[in-house]
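The structure file model.cif is reproduced below (mmCIF, C-alpha atoms).
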```
data_structure
loop_
_atom_site.group_PDB
_atom_site.id
_atom_site.type_symbol
_atom_site.label_atom_id
_atom_site.label_comp_id
_atom_site.auth_asym_id
_atom_site.auth_seq_id
_atom_site.Cartn_x
_atom_site.Cartn_y
_atom_site.Cartn_z
ATOM 1 C CA MET A 1 96.154 -89.684 -101.159
ATOM 2 C CA TYR A 2 94.466 -91.830 -103.813
ATOM 3 C CA LYS A 3 96.092 -92.015 -107.229
ATOM 4 C CA ILE A 4 94.075 -91.712 -110.434
ATOM 5 C CA VAL A 5 95.202 -94.734 -112.452
ATOM 6 C CA SER A 6 93.243 -93.875 -115.586
ATOM 7 C CA LYS A 7 90.768 -91.335 -116.913
ATOM 8 C CA GLU A 8 88.349 -91.756 -119.826
ATOM 9 C CA ARG A 9 85.789 -89.393 -121.292
ATOM 10 C CA LEU A 10 82.622 -91.400 -121.944
ATOM 11 C CA ASN A 11 80.616 -88.541 -123.436
ATOM 12 C CA PRO A 12 80.764 -84.717 -123.331
ATOM 13 C CA THR A 13 79.566 -84.547 -119.713
ATOM 14 C CA VAL A 14 80.434 -87.954 -118.232
ATOM 15 C CA THR A 15 83.884 -89.131 -117.158
ATOM 16 C CA LYS A 16 85.206 -92.452 -115.889
ATOM 17 C CA MET A 17 88.142 -92.674 -113.488
ATOM 18 C CA THR A 18 89.921 -95.666 -112.021
ATOM 19 C CA ILE A 19 91.259 -94.939 -108.549
ATOM 20 C CA GLU A 20 93.948 -96.804 -106.625
ATOM 21 C CA ALA A 21 92.137 -97.715 -103.396
ATOM 22 C CA PRO A 22 92.989 -101.305 -102.367
ATOM 23 C CA PHE A 23 91.071 -101.379 -99.073
ATOM 24 C CA VAL A 24 87.900 -100.110 -100.736
ATOM 25 C CA ALA A 25 88.294 -102.494 -103.681
ATOM 26 C CA LYS A 26 88.690 -105.467 -101.345
ATOM 27 C CA LYS A 27 85.285 -104.969 -99.706
ATOM 28 C CA ALA A 28 83.254 -103.256 -102.435
ATOM 29 C CA ARG A 29 79.996 -104.771 -103.670
ATOM 30 C CA PRO A 30 77.529 -103.708 -106.410
ATOM 31 C CA GLY A 31 75.215 -100.893 -105.317
ATOM 32 C CA GLN A 32 77.567 -99.364 -102.762
ATOM 33 C CA PHE A 33 79.164 -95.916 -102.944
ATOM 34 C CA ILE A 34 82.208 -93.952 -101.796
ATOM 35 C CA ILE A 35 82.682 -90.415 -100.494
ATOM 36 C CA LEU A 36 85.553 -88.433 -101.953
ATOM 37 C CA ARG A 37 87.212 -85.060 -101.599
ATOM 38 C CA VAL A 38 89.185 -83.662 -104.520
ATOM 39 C CA ASP A 39 91.511 -81.613 -102.277
ATOM 40 C CA GLU A 40 91.891 -80.409 -98.705
ATOM 41 C CA ASP A 41 89.407 -77.581 -99.170
ATOM 42 C CA GLY A 42 86.920 -79.612 -101.191
ATOM 43 C CA GLU A 43 83.430 -80.676 -100.210
ATOM 44 C CA ARG A 44 82.559 -84.317 -99.698
ATOM 45 C CA ILE A 45 80.470 -85.886 -102.425
ATOM 46 C CA PRO A 46 79.082 -89.425 -102.722
ATOM 47 C CA LEU A 47 79.661 -91.365 -105.949
ATOM 48 C CA THR A 48 78.477 -94.876 -106.639
ATOM 49 C CA ILE A 49 81.080 -97.568 -107.260
ATOM 50 C CA ALA A 50 80.911 -98.339 -110.971
ATOM 51 C CA GLY A 51 83.352 -101.246 -110.824
ATOM 52 C CA TYR A 52 86.151 -102.677 -108.750
ATOM 53 C CA ASP A 53 89.108 -105.053 -109.022
ATOM 54 C CA ALA A 54 90.187 -106.524 -105.697
ATOM 55 C CA GLU A 55 93.369 -108.030 -107.159
ATOM 56 C CA LYS A 56 94.543 -104.758 -108.713
ATOM 57 C CA GLY A 57 93.247 -102.727 -105.778
ATOM 58 C CA THR A 58 91.313 -100.312 -107.979
ATOM 59 C CA VAL A 59 87.822 -98.810 -107.934
ATOM 60 C CA ASP A 60 85.982 -97.254 -110.880
ATOM 61 C CA ILE A 61 83.856 -94.142 -110.529
ATOM 62 C CA ILE A 62 81.744 -92.581 -113.269
ATOM 63 C CA PHE A 63 80.447 -89.065 -112.738
ATOM 64 C CA GLN A 64 78.497 -86.412 -114.571
ATOM 65 C CA ILE A 65 79.818 -82.857 -114.516
ATOM 66 C CA VAL A 66 76.926 -80.989 -112.899
ATOM 67 C CA GLY A 67 78.400 -78.927 -110.066
ATOM 68 C CA ALA A 68 81.539 -77.281 -108.754
ATOM 69 C CA THR A 69 83.081 -80.415 -107.239
ATOM 70 C CA THR A 70 82.546 -82.619 -110.276
ATOM 71 C CA GLU A 71 84.013 -79.816 -112.408
ATOM 72 C CA LYS A 72 87.106 -79.758 -110.180
ATOM 73 C CA LEU A 73 87.287 -83.545 -110.228
ATOM 74 C CA ASN A 74 87.162 -83.552 -114.004
ATOM 75 C CA HIS A 75 90.226 -81.282 -114.113
ATOM 76 C CA LYS A 76 92.255 -83.994 -112.413
ATOM 77 C CA GLU A 77 94.305 -86.144 -114.781
ATOM 78 C CA GLU A 78 95.862 -89.597 -114.795
ATOM 79 C CA GLY A 79 98.671 -89.661 -112.246
ATOM 80 C CA ASP A 80 97.087 -86.993 -110.032
ATOM 81 C CA SER A 81 95.669 -87.895 -106.631
ATOM 82 C CA LEU A 82 92.471 -87.322 -104.656
ATOM 83 C CA GLN A 83 92.550 -86.151 -101.061
ATOM 84 C CA ASP A 84 89.996 -88.647 -99.672
ATOM 85 C CA PHE A 85 88.280 -91.754 -100.993
ATOM 86 C CA VAL A 86 86.221 -93.432 -98.275
ATOM 87 C CA GLY A 87 84.116 -96.574 -98.545
ATOM 88 C CA PRO A 88 82.479 -98.801 -99.399
ATOM 89 C CA LEU A 89 79.351 -97.249 -97.913
ATOM 90 C CA GLY A 90 75.654 -98.051 -98.160
ATOM 91 C CA MET A 91 73.931 -101.396 -98.393
ATOM 92 C CA PRO A 92 74.920 -103.602 -101.349
ATOM 93 C CA THR A 93 72.243 -104.628 -103.831
ATOM 94 C CA LYS A 94 70.631 -107.919 -102.824
ATOM 95 C CA LEU A 95 71.278 -110.422 -105.603
ATOM 96 C CA GLU A 96 71.066 -113.779 -103.838
ATOM 97 C CA GLY A 97 68.623 -116.226 -105.363
ATOM 98 C CA LEU A 98 67.856 -114.153 -108.456
ATOM 99 C CA LYS A 99 67.837 -116.221 -111.653
ATOM 100 C CA ASN A 100 66.052 -113.987 -114.177
ATOM 101 C CA VAL A 101 66.400 -110.226 -113.788
ATOM 102 C CA CYS A 102 65.621 -107.130 -115.832
ATOM 103 C CA ILE A 103 67.997 -104.195 -115.345
ATOM 104 C CA VAL A 104 66.716 -100.770 -116.442
ATOM 105 C CA GLY A 105 69.251 -97.937 -116.520
ATOM 106 C CA GLY A 106 68.977 -94.329 -117.616
ATOM 107 C CA GLY A 107 71.763 -91.886 -118.436
ATOM 108 C CA VAL A 108 74.619 -91.822 -115.964
ATOM 109 C CA GLY A 109 72.580 -94.203 -113.800
ATOM 110 C CA CYS A 110 73.823 -96.921 -116.158
ATOM 111 C CA ALA A 111 77.163 -96.648 -114.369
ATOM 112 C CA ILE A 112 75.447 -97.907 -111.224
ATOM 113 C CA ALA A 113 73.443 -100.570 -113.038
ATOM 114 C CA LEU A 114 76.420 -102.097 -114.865
ATOM 115 C CA PRO A 115 78.194 -103.773 -111.907
ATOM 116 C CA ILE A 116 74.835 -105.208 -110.836
ATOM 117 C CA ALA A 117 74.316 -106.735 -114.287
ATOM 118 C CA GLN A 118 77.881 -108.052 -114.260
ATOM 119 C CA ALA A 119 77.498 -109.630 -110.818
ATOM 120 C CA LEU A 120 74.217 -111.291 -111.784
ATOM 121 C CA THR A 121 75.786 -112.734 -114.931
ATOM 122 C CA GLN A 122 78.720 -114.048 -112.909
ATOM 123 C CA ASN A 123 76.196 -115.689 -110.572
ATOM 124 C CA GLY A 124 74.636 -117.503 -113.544
ATOM 125 C CA ALA A 125 71.451 -115.426 -113.760
ATOM 126 C CA LYS A 126 69.709 -114.517 -117.007
ATOM 127 C CA VAL A 127 70.009 -110.753 -117.475
ATOM 128 C CA THR A 128 67.868 -108.544 -119.694
ATOM 129 C CA SER A 129 69.193 -104.979 -119.801
ATOM 130 C CA ILE A 130 67.385 -101.875 -121.019
ATOM 131 C CA ILE A 131 69.400 -98.657 -121.147
ATOM 132 C CA GLY A 132 68.152 -95.251 -122.244
ATOM 133 C CA PHE A 133 69.692 -91.914 -123.183
ATOM 134 C CA ARG A 134 68.527 -88.598 -124.591
ATOM 135 C CA SER A 135 70.592 -88.937 -127.790
ATOM 136 C CA LYS A 136 73.368 -90.893 -129.507
ATOM 137 C CA ASP A 137 76.205 -88.686 -128.245
ATOM 138 C CA LEU A 138 75.216 -89.414 -124.630
ATOM 139 C CA VAL A 139 75.268 -93.215 -124.898
ATOM 140 C CA ILE A 140 77.721 -94.840 -122.462
ATOM 141 C CA LEU A 141 78.787 -98.395 -121.568
ATOM 142 C CA GLU A 142 76.926 -100.098 -124.420
ATOM 143 C CA LYS A 143 79.639 -102.702 -125.040
ATOM 144 C CA GLU A 144 79.982 -103.439 -121.338
ATOM 145 C CA PHE A 145 76.227 -103.993 -120.996
ATOM 146 C CA LYS A 146 76.200 -106.200 -124.074
ATOM 147 C CA ASP A 147 78.905 -108.385 -122.539
ATOM 148 C CA ALA A 148 77.017 -108.591 -119.232
ATOM 149 C CA SER A 149 73.537 -109.282 -120.657
ATOM 150 C CA ASP A 150 71.678 -112.050 -122.425
ATOM 151 C CA ARG A 151 69.584 -109.353 -124.125
ATOM 152 C CA LEU A 152 70.204 -105.654 -124.474
ATOM 153 C CA PHE A 153 67.810 -102.904 -125.560
ATOM 154 C CA VAL A 154 69.276 -99.454 -126.232
ATOM 155 C CA MET A 155 66.836 -96.543 -126.436
ATOM 156 C CA THR A 156 67.262 -92.867 -127.312
ATOM 157 C CA ASP A 157 64.622 -90.198 -126.776
ATOM 158 C CA ASP A 158 65.247 -88.575 -130.165
ATOM 159 C CA GLY A 159 65.806 -91.774 -132.151
ATOM 160 C CA SER A 160 69.348 -90.795 -133.131
ATOM 161 C CA TYR A 161 70.626 -94.259 -132.154
ATOM 162 C CA GLN A 162 69.006 -97.690 -131.975
ATOM 163 C CA ARG A 163 65.306 -97.461 -131.074
ATOM 164 C CA GLN A 164 63.419 -94.264 -130.357
ATOM 165 C CA GLY A 165 61.521 -93.981 -127.114
ATOM 166 C CA ASN A 166 62.016 -94.269 -123.378
ATOM 167 C CA VAL A 167 63.014 -97.372 -121.433
ATOM 168 C CA CYS A 168 59.389 -98.259 -120.673
ATOM 169 C CA VAL A 169 58.720 -99.046 -124.361
ATOM 170 C CA PRO A 170 60.648 -102.370 -124.507
ATOM 171 C CA LEU A 171 59.746 -103.105 -120.889
ATOM 172 C CA ASN A 172 56.023 -102.910 -121.669
ATOM 173 C CA GLU A 173 56.562 -104.974 -124.821
ATOM 174 C CA LEU A 174 58.214 -107.718 -122.774
ATOM 175 C CA PHE A 175 55.306 -107.753 -120.328
ATOM 176 C CA ALA A 176 52.782 -107.758 -123.203
ATOM 177 C CA ASN A 177 54.539 -110.845 -124.600
ATOM 178 C CA GLY A 178 54.011 -112.622 -121.305
ATOM 179 C CA GLU A 179 57.560 -112.388 -120.000
ATOM 180 C CA SER A 180 58.237 -112.287 -116.291
ATOM 181 C CA PHE A 181 61.245 -111.748 -114.065
ATOM 182 C CA ASP A 182 62.282 -112.537 -110.517
ATOM 183 C CA GLU A 183 62.932 -108.820 -110.103
ATOM 184 C CA VAL A 184 63.238 -105.557 -112.005
ATOM 185 C CA ILE A 185 66.075 -103.292 -110.853
ATOM 186 C CA THR A 186 66.023 -99.716 -112.106
ATOM 187 C CA ILE A 187 68.558 -96.916 -111.703
ATOM 188 C CA GLY A 188 68.423 -93.497 -113.327
ATOM 189 C CA PRO A 189 66.692 -90.115 -113.102
ATOM 190 C CA LEU A 190 63.872 -89.997 -110.556
ATOM 191 C CA ILE A 191 61.212 -89.388 -113.199
ATOM 192 C CA MET A 192 62.406 -92.403 -115.177
ATOM 193 C CA MET A 193 62.338 -94.658 -112.132
ATOM 194 C CA LYS A 194 58.854 -93.411 -111.249
ATOM 195 C CA PHE A 195 57.500 -94.515 -114.625
ATOM 196 C CA VAL A 196 59.410 -97.808 -114.596
ATOM 197 C CA VAL A 197 57.801 -98.619 -111.239
ATOM 198 C CA ALA A 198 54.394 -97.709 -112.695
ATOM 199 C CA ALA A 199 55.010 -100.046 -115.633
ATOM 200 C CA VAL A 200 56.075 -102.937 -113.405
ATOM 201 C CA ARG A 201 53.393 -102.501 -110.733
ATOM 202 C CA PRO A 202 50.542 -104.273 -112.602
ATOM 203 C CA THR A 203 52.713 -107.397 -112.931
ATOM 204 C CA GLY A 204 53.417 -107.678 -109.212
ATOM 205 C CA ILE A 205 57.096 -108.338 -109.956
ATOM 206 C CA PRO A 206 59.372 -106.981 -107.198
ATOM 207 C CA CYS A 207 60.872 -103.671 -108.320
ATOM 208 C CA THR A 208 63.995 -102.245 -106.716
ATOM 209 C CA VAL A 209 65.048 -98.630 -107.236
ATOM 210 C CA SER A 210 68.343 -96.956 -106.379
ATOM 211 C CA MET A 211 67.904 -93.552 -104.750
ATOM 212 C CA ASN A 212 71.476 -92.436 -105.407
ATOM 213 C CA PRO A 213 70.280 -89.359 -107.354
ATOM 214 C CA ILE A 214 69.099 -87.615 -104.182
ATOM 215 C CA MET A 215 72.184 -88.222 -102.033
ATOM 216 C CA ILE A 216 74.188 -85.118 -101.084
ATOM 217 C CA ASP A 217 76.697 -85.605 -98.256
ATOM 218 C CA GLY A 218 76.416 -89.411 -98.084
ATOM 219 C CA THR A 219 76.153 -89.580 -94.283
ATOM 220 C CA GLY A 220 72.491 -88.805 -93.575
ATOM 221 C CA MET A 221 73.386 -85.682 -91.595
ATOM 222 C CA CYS A 222 72.225 -83.124 -94.180
ATOM 223 C CA GLY A 223 68.742 -84.608 -94.506
ATOM 224 C CA GLY A 224 68.711 -83.986 -98.250
ATOM 225 C CA CYS A 225 68.259 -87.662 -99.039
ATOM 226 C CA ARG A 226 65.270 -88.074 -96.708
ATOM 227 C CA LEU A 227 62.589 -90.291 -98.202
ATOM 228 C CA THR A 228 58.984 -90.987 -97.372
ATOM 229 C CA LEU A 229 58.001 -94.611 -97.837
ATOM 230 C CA HIS A 230 54.356 -95.675 -97.820
ATOM 231 C CA ARG A 231 54.456 -99.025 -96.059
ATOM 232 C CA ASP A 232 51.463 -100.951 -94.717
ATOM 233 C CA GLY A 233 49.312 -97.831 -94.690
ATOM 234 C CA GLU A 234 51.864 -95.749 -92.798
ATOM 235 C CA ALA A 235 54.384 -93.102 -93.839
ATOM 236 C CA VAL A 236 57.914 -94.174 -92.928
ATOM 237 C CA THR A 237 60.968 -91.896 -93.096
ATOM 238 C CA LYS A 238 64.267 -93.308 -94.376
ATOM 239 C CA PHE A 239 67.568 -91.877 -95.604
ATOM 240 C CA ALA A 240 68.939 -92.998 -98.969
ATOM 241 C CA CYS A 241 72.596 -92.975 -97.968
ATOM 242 C CA VAL A 242 72.163 -94.737 -94.609
ATOM 243 C CA ASP A 243 69.223 -97.080 -95.160
ATOM 244 C CA GLY A 244 69.776 -97.601 -98.897
ATOM 245 C CA PRO A 245 70.485 -96.642 -101.525
ATOM 246 C CA ASP A 246 68.209 -99.493 -102.721
ATOM 247 C CA PHE A 247 64.509 -99.479 -101.829
ATOM 248 C CA ASN A 248 61.248 -101.132 -102.774
ATOM 249 C CA GLY A 249 60.073 -98.955 -105.661
ATOM 250 C CA TYR A 250 56.405 -99.478 -104.819
ATOM 251 C CA GLU A 251 56.868 -97.693 -101.480
ATOM 252 C CA ILE A 252 58.694 -94.549 -102.666
ATOM 253 C CA ASP A 253 57.006 -91.145 -102.744
ATOM 254 C CA PHE A 254 58.713 -90.035 -105.964
ATOM 255 C CA ASP A 255 56.931 -86.688 -106.196
ATOM 256 C CA GLU A 256 58.290 -85.631 -102.807
ATOM 257 C CA ALA A 257 61.792 -86.846 -103.700
ATOM 258 C CA MET A 258 61.779 -84.918 -106.982
ATOM 259 C CA SER A 259 60.550 -81.767 -105.269
ATOM 260 C CA ARG A 260 63.332 -81.955 -102.686
ATOM 261 C CA GLY A 261 65.950 -82.625 -105.360
ATOM 262 C CA ASN A 262 65.006 -79.451 -107.209
ATOM 263 C CA MET A 263 65.777 -77.361 -104.118
ATOM 264 C CA TYR A 264 69.524 -77.562 -104.795
ATOM 265 C CA ARG A 265 69.487 -76.999 -108.561
ATOM 266 C CA ASP A 266 70.104 -73.230 -108.503
ATOM 267 C CA PHE A 267 72.817 -73.562 -105.867
ATOM 268 C CA GLU A 268 74.651 -76.224 -107.879
ATOM 269 C CA ARG A 269 74.413 -74.160 -111.061
ATOM 270 C CA HIS A 270 75.859 -71.096 -109.320
ATOM 271 C CA ALA A 271 78.704 -73.120 -107.760
ATOM 272 C CA TYR A 272 79.433 -74.773 -111.111
ATOM 273 C CA GLU A 273 79.654 -71.420 -112.884
ATOM 274 C CA GLU A 274 82.008 -70.077 -110.219
ATOM 275 C CA ALA A 275 84.263 -73.118 -110.601
ATOM 276 C CA CYS A 276 84.305 -72.759 -114.393
ATOM 277 C CA ASN A 277 85.233 -69.073 -114.097
ATOM 278 C CA LEU A 278 88.027 -69.945 -111.672
ATOM 279 C CA PHE A 279 89.550 -72.537 -114.005
ATOM 280 C CA ALA A 280 89.226 -70.149 -116.952
ATOM 281 C CA LYS A 281 91.249 -67.533 -115.051
ATOM 282 C CA GLU A 282 93.895 -70.110 -114.157
ATOM 283 C CA VAL A 283 94.275 -71.071 -117.818
ATOM 284 C CA LYS A 284 94.787 -67.411 -118.776
#
```
Show this structure as structure tokens.
Amino acid sequence: MYKIVSKERLNPTVTKMTIEAPFVAKKARPGQFIILRVDEDGERIPLTIAGYDAEKGTVDIIFQIVGATTEKLNHKEEGDSLQDFVGPLGMPTKLEGLKNVCIVGGGVGCAIALPIAQALTQNGAKVTSIIGFRSKDLVILEKEFKDASDRLFVMTDDGSYQRQGNVCVPLNELFANGESFDEVITIGPLIMMKFVVAAVRPTGIPCTVSMNPIMIDGTGMCGGCRLTLHRDGEAVTKFACVDGPDFNGYEIDFDEAMSRGNMYRDFERHAYEEACNLFAKEVK
């Protein structure tokens, strides 16, 4: 069993938990993920490691409440325990040799981007971070990004906080001003990453994307995270959870990935509603 050391609500639909998992914390690296089960009867879900402390033996996870399992997880409180917490899994983000990097995060994807920004800063790299959200009440981790970045741009779609617009607005402005980077690393909704890649492509700067959003069981067995990469004129099949989750953004077939991701939307909504009804009955 894995004890929940702390729990924090970051916004109405996003929660942060710190889990006591010393063996995972000892080996964790930015970009990797864990697989957890809330209880004995629970399904396995992959969640990216949002932070870790090897000395304290703790691992941070940040999750959005979108389905039945994340709803159940959110009902756990500080002092409760999780049935399983396995990891670290996946390939860590490659950061060696990077001296000037732009991190672009969107929504809950910022939880994945943050430890990458922090690790780069610790390595002495110059970090420019751009984070975007739909509105002010959904903004998360702003202070943490500010501490881990030389420059920070915060964007909201509706203009309710900081600048209005999507993450490509400041990114294009930086390119227009002649700025360059060793690499652009982007993590967020698939549609956001698609347009970030399109913005970076004309510059020729390497662009890494994290395909965490399409992972389902985290083992490659379900096939839900199957990707088509267009590499050297050929179509190559990879799996986000086994071969990634990081990939060359220029090679990803985003339209196919988004189409496959939509296949599970109705199922997740139905499972989420059933879980909510179950908890409502328990409260009564």
### Message
Could you tell me how far atom CA of A:Pro88 sits from atom CA of A:Lys27, in Å to one decimal place?
### Response
6.8 Å
### Task
Kindly resolve the PyMOL selection byres ((chain A and resi 103-106) around 8) on the present coordinates and return the residues as a PyMOL selection string.
chain A and resi 101-102+107-110+113+117+127-133+167+184-189+192
Once you have the residues from the selection above, write them out as an mmCIF file, keeping the file's coordinate frame, restricted to C-alpha atoms.
```
data_model
loop_
_atom_site.group_PDB
_atom_site.id
_atom_site.type_symbol
_atom_site.label_atom_id
_atom_site.label_comp_id
_atom_site.auth_asym_id
_atom_site.auth_seq_id
_atom_site.Cartn_x
_atom_site.Cartn_y
_atom_site.Cartn_z
ATOM 1 C CA VAL A 101 66.400 -110.226 -113.788
ATOM 2 C CA CYS A 102 65.621 -107.130 -115.832
ATOM 3 C CA GLY A 107 71.763 -91.886 -118.436
ATOM 4 C CA VAL A 108 74.619 -91.822 -115.964
ATOM 5 C CA GLY A 109 72.580 -94.203 -113.800
ATOM 6 C CA CYS A 110 73.823 -96.921 -116.158
ATOM 7 C CA ALA A 113 73.443 -100.570 -113.038
ATOM 8 C CA ALA A 117 74.316 -106.735 -114.287
ATOM 9 C CA VAL A 127 70.009 -110.753 -117.475
ATOM 10 C CA THR A 128 67.868 -108.544 -119.694
ATOM 11 C CA SER A 129 69.193 -104.979 -119.801
ATOM 12 C CA ILE A 130 67.385 -101.875 -121.019
ATOM 13 C CA ILE A 131 69.400 -98.657 -121.147
ATOM 14 C CA GLY A 132 68.152 -95.251 -122.244
ATOM 15 C CA PHE A 133 69.692 -91.914 -123.183
ATOM 16 C CA VAL A 167 63.014 -97.372 -121.433
ATOM 17 C CA VAL A 184 63.238 -105.557 -112.005
ATOM 18 C CA ILE A 185 66.075 -103.292 -110.853
ATOM 19 C CA THR A 186 66.023 -99.716 -112.106
ATOM 20 C CA ILE A 187 68.558 -96.916 -111.703
ATOM 21 C CA GLY A 188 68.423 -93.497 -113.327
ATOM 22 C CA PRO A 189 66.692 -90.115 -113.102
ATOM 23 C CA MET A 192 62.406 -92.403 -115.177
#
```
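Nearest residue to A:Arg44 among A:Glu256, A:Asp243, A:Asp182, A:Asp84 is A:Asp84, counting only C-alpha atoms.
Between atom CA of A:Met91 and atom CA of A:Phe247 lies a distance of 10.2 Å.
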### Within 10 Å of A:Glu43 using only C-alpha atoms, minus same-chain residues under 3 positions, as an MDAnalysis selection string
chainID A and resid 35:40 68:69 217
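Residue nearest A:Gly165 within the list A:Val86, A:Pro46, A:Arg134, A:Ser180: A:Arg134 [criterion: smallest interatomic distance, only C-alpha atoms].
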